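Structure first, then comments.
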Amino acid sequence: MYEAIETSLKGCIKLIPKVFEDNRGISIKIYHKDEYKKMGIKEDFVEDLIVVSNKDVLRGLHFQNPPYGQAKLIFCMKGKVMDVVLDIRKGSPSYGMYELFELSEENKHILYVPEGFAHGYISLQDETILMYKMSSLYMPAYESGIKWDSLGIPWMIKKPIISERDKSFISFKDFNSNFVYQD
């Protein structure tokens, strides 16, 4: 039902779902609890979110601190993004490393981002729609982020549209993580 592809960030998985297509259109199963458990994804996802972004909007790098850390499933329903995942787990062999993923309505990939990673993306088309499934409820007092331009990430555009909140995040060099790597 899914092809699971390990990434350079231990625990982060790119999923390629089976797409059922005929003359009526397509059908994609974004989430199947039993199939995900077989791949080691054991979280119970408790909240869904839809985000619509215009071209050149940069969101991130976001995470939610313990005890309300969030694992996420991310799927691009419309448009295209360049997605970035950053390992922020102290003691992780990939701590401070990031990986880039293209998520689009064409490739239909799903990204599993475990707790202990910061996440962001740049929208490459107008009216891009991302769907998130999250393993913990949104708790504004626990949300945080890392400044988007503090790691040398190749964001693909020169003048991204960024919220004041995202501009105000601390740089990665000044960041002290609350997440600890557990093998």
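Identifiers in the structure tokens: chain A, B, ... in order shown; residue index from 1 per chain; ligand index from 1 in order shown.
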Next item on the list: May I have all residues of range 6-130 of chain A that DSSP, computed from the backbone, assigns to strand (DSSP E or B), given as a PyMOL selection string?
Entry: chain A and resi 6+13-17+19-22+25-28+47-53+57-64+72-78+80-87+89-90+98-104+110-113+117-123+128-130
Next item on the list: Do a neighbour search on range 60-70 of chain A at 9 Å with only C-alpha atoms, toss out local chain neighbours closer than 4 positions, and write the hits as a ChimeraX atom specification.
Entry: /A:84-86,113-122,134-148,162,166,169,177-179
Check: Which neighbours of Glu35 in chain A fall inside 9 Å, counting only C-alpha atoms, when residues of the same chain fewer than 5 positions from it are skipped, and could you give them as a list in words?
Finding: Met1, Tyr2 and Ile41 of chain A
Selected residues written out with all heavy atoms, as an mmCIF file, in the first residue's frame:
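Result written to out.cif:
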```cif
data_model
loop_
_atom_site.group_PDB
_atom_site.id
_atom_site.type_symbol
_atom_site.label_atom_id
_atom_site.label_comp_id
_atom_site.auth_asym_id
_atom_site.auth_seq_id
_atom_site.Cartn_x
_atom_site.Cartn_y
_atom_site.Cartn_z
ATOM 1 N N MET A 1 0.821 -1.196 0.000
ATOM 2 C CA MET A 1 0.000 0.000 0.000
ATOM 3 C C MET A 1 0.864 1.259 0.000
ATOM 4 O O MET A 1 0.488 2.270 -0.522
ATOM 5 C CB MET A 1 -0.932 -0.016 1.201
ATOM 6 C CG MET A 1 -1.916 1.103 1.198
ATOM 7 S SD MET A 1 -3.125 1.058 2.526
ATOM 8 C CE MET A 1 -3.993 -0.450 2.192
ATOM 9 N N TYR A 2 2.073 1.183 0.637
ATOM 10 C CA TYR A 2 3.007 2.303 0.678
ATOM 11 C C TYR A 2 4.413 1.780 0.439
ATOM 12 O O TYR A 2 4.777 0.713 0.918
ATOM 13 C CB TYR A 2 3.008 2.991 2.054
ATOM 14 C CG TYR A 2 1.677 3.520 2.495
ATOM 15 C CD1 TYR A 2 0.836 2.753 3.295
ATOM 16 C CD2 TYR A 2 1.262 4.792 2.134
ATOM 17 C CE1 TYR A 2 -0.383 3.240 3.712
ATOM 18 C CE2 TYR A 2 0.038 5.287 2.555
ATOM 19 C CZ TYR A 2 -0.780 4.506 3.341
ATOM 20 O OH TYR A 2 -1.996 4.991 3.753
ATOM 21 N N ILE A 41 5.684 3.385 12.399
ATOM 22 C CA ILE A 41 5.028 4.651 12.745
ATOM 23 C C ILE A 41 3.870 4.309 13.665
ATOM 24 O O ILE A 41 2.837 3.835 13.219
ATOM 25 C CB ILE A 41 4.537 5.392 11.476
ATOM 26 C CG1 ILE A 41 5.729 5.672 10.556
ATOM 27 C CG2 ILE A 41 3.789 6.666 11.845
ATOM 28 C CD1 ILE A 41 5.354 6.193 9.186
#
```
Margin query: Residues near Ser104 in chain A, anyone? I mean within 7 Å using only C-alpha atoms, not counting same-chain ones fewer than 3 positions away, as a PyMOL selection string.
Written below: chain A and resi 76+78-81+107-108
Based on the selection just made, write all heavy atoms of those residues as a tab-separated table (two decimals), in the first residue's frame.
```
chain	number	residue	atom	x	y	z
A	76	CYS	N	0.91	17.07	0.29
A	76	CYS	CA	0.55	18.22	-0.55
A	76	CYS	C	-0.65	17.84	-1.41
A	76	CYS	O	-0.54	17.00	-2.31
A	76	CYS	CB	1.74	18.63	-1.42
A	76	CYS	SG	1.41	20.12	-2.39
A	78	LYS	N	-2.48	20.11	-3.21
A	78	LYS	CA	-2.50	20.94	-4.43
A	78	LYS	C	-1.25	21.78	-4.46
A	78	LYS	O	-0.80	22.27	-3.43
A	78	LYS	CB	-3.74	21.84	-4.42
A	78	LYS	CG	-3.84	22.74	-5.61
A	78	LYS	CD	-5.06	23.66	-5.52
A	78	LYS	CE	-5.05	24.61	-6.69
A	78	LYS	NZ	-5.89	25.77	-6.44
A	79	GLY	N	-0.66	21.94	-5.63
A	79	GLY	CA	0.52	22.78	-5.78
A	79	GLY	C	1.81	22.03	-5.51
A	79	GLY	O	1.91	20.82	-5.72
A	80	LYS	N	2.82	22.78	-5.01
A	80	LYS	CA	4.13	22.18	-4.80
A	80	LYS	C	4.89	22.98	-3.75
A	80	LYS	O	4.84	24.21	-3.75
A	80	LYS	CB	4.92	22.16	-6.12
A	80	LYS	CG	6.30	21.59	-6.01
A	80	LYS	CD	6.97	21.24	-7.33
A	80	LYS	CE	7.05	22.34	-8.33
A	80	LYS	NZ	7.91	21.98	-9.49
A	81	VAL	N	5.60	22.25	-2.88
A	81	VAL	CA	6.48	22.88	-1.89
A	81	VAL	C	7.85	22.21	-1.90
A	81	VAL	O	7.97	21.05	-2.30
A	81	VAL	CB	5.92	22.82	-0.44
A	81	VAL	CG1	4.57	23.51	-0.34
A	81	VAL	CG2	5.85	21.40	0.09
A	107	ASN	N	3.65	14.34	-7.42
A	107	ASN	CA	4.36	13.15	-6.93
A	107	ASN	C	3.61	12.42	-5.81
A	107	ASN	O	3.88	11.27	-5.54
A	107	ASN	CB	5.81	13.47	-6.53
A	107	ASN	CG	5.97	14.30	-5.28
A	107	ASN	OD1	5.09	14.39	-4.41
A	107	ASN	ND2	7.13	14.94	-5.17
A	108	LYS	N	2.68	13.11	-5.14
A	108	LYS	CA	1.80	12.50	-4.14
A	108	LYS	C	2.54	11.84	-2.97
A	108	LYS	O	2.03	10.96	-2.31
A	108	LYS	CB	0.84	11.49	-4.79
A	108	LYS	CG	-0.08	12.15	-5.80
A	108	LYS	CD	-0.79	11.13	-6.65
A	108	LYS	CE	-1.62	11.75	-7.74
A	108	LYS	NZ	-0.95	12.72	-8.60
```
Next item on the list: Check range 6-171 of chain A with DSSP on the backbone and list each residue it calls alpha helix (DSSP H), as a VMD selection string.
Entry: chain A and resid 33 to 38 164 to 167
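Distances from A:Lys38, A:Glu106, A:Val19, A:Asn176 to Met77 in chain A were compared using only C-alpha atoms, and the smallest one belongs to A:Glu106.
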Checklist line | Shortest interatomic distance to Ile28 in chain A - which of A:Val46, A:Ile110, A:Ile170, A:Ile13, counting only C-alpha atoms | finding: A:Ile110
Check: Quick one: distance from CA of Leu73 in chain A to CA of Ala4 in chain A in Å, one decimal?
Finding: 13.0 Å
Margin query: I'd like to know which of A:Lys18, A:Lys55, A:Lys72, A:Arg89 is closest to Lys133 in chain A, using only C-alpha atoms.
Written below: A:Lys72
Next item on the list: Compile the contact shell of Leu130 in chain A as number ranges by chain: residues with an atom at most 7 Å away, counting only C-alpha atoms, same-chain residues fewer than 3 positions apart removed.
Entry: A: 50-52, 74-77
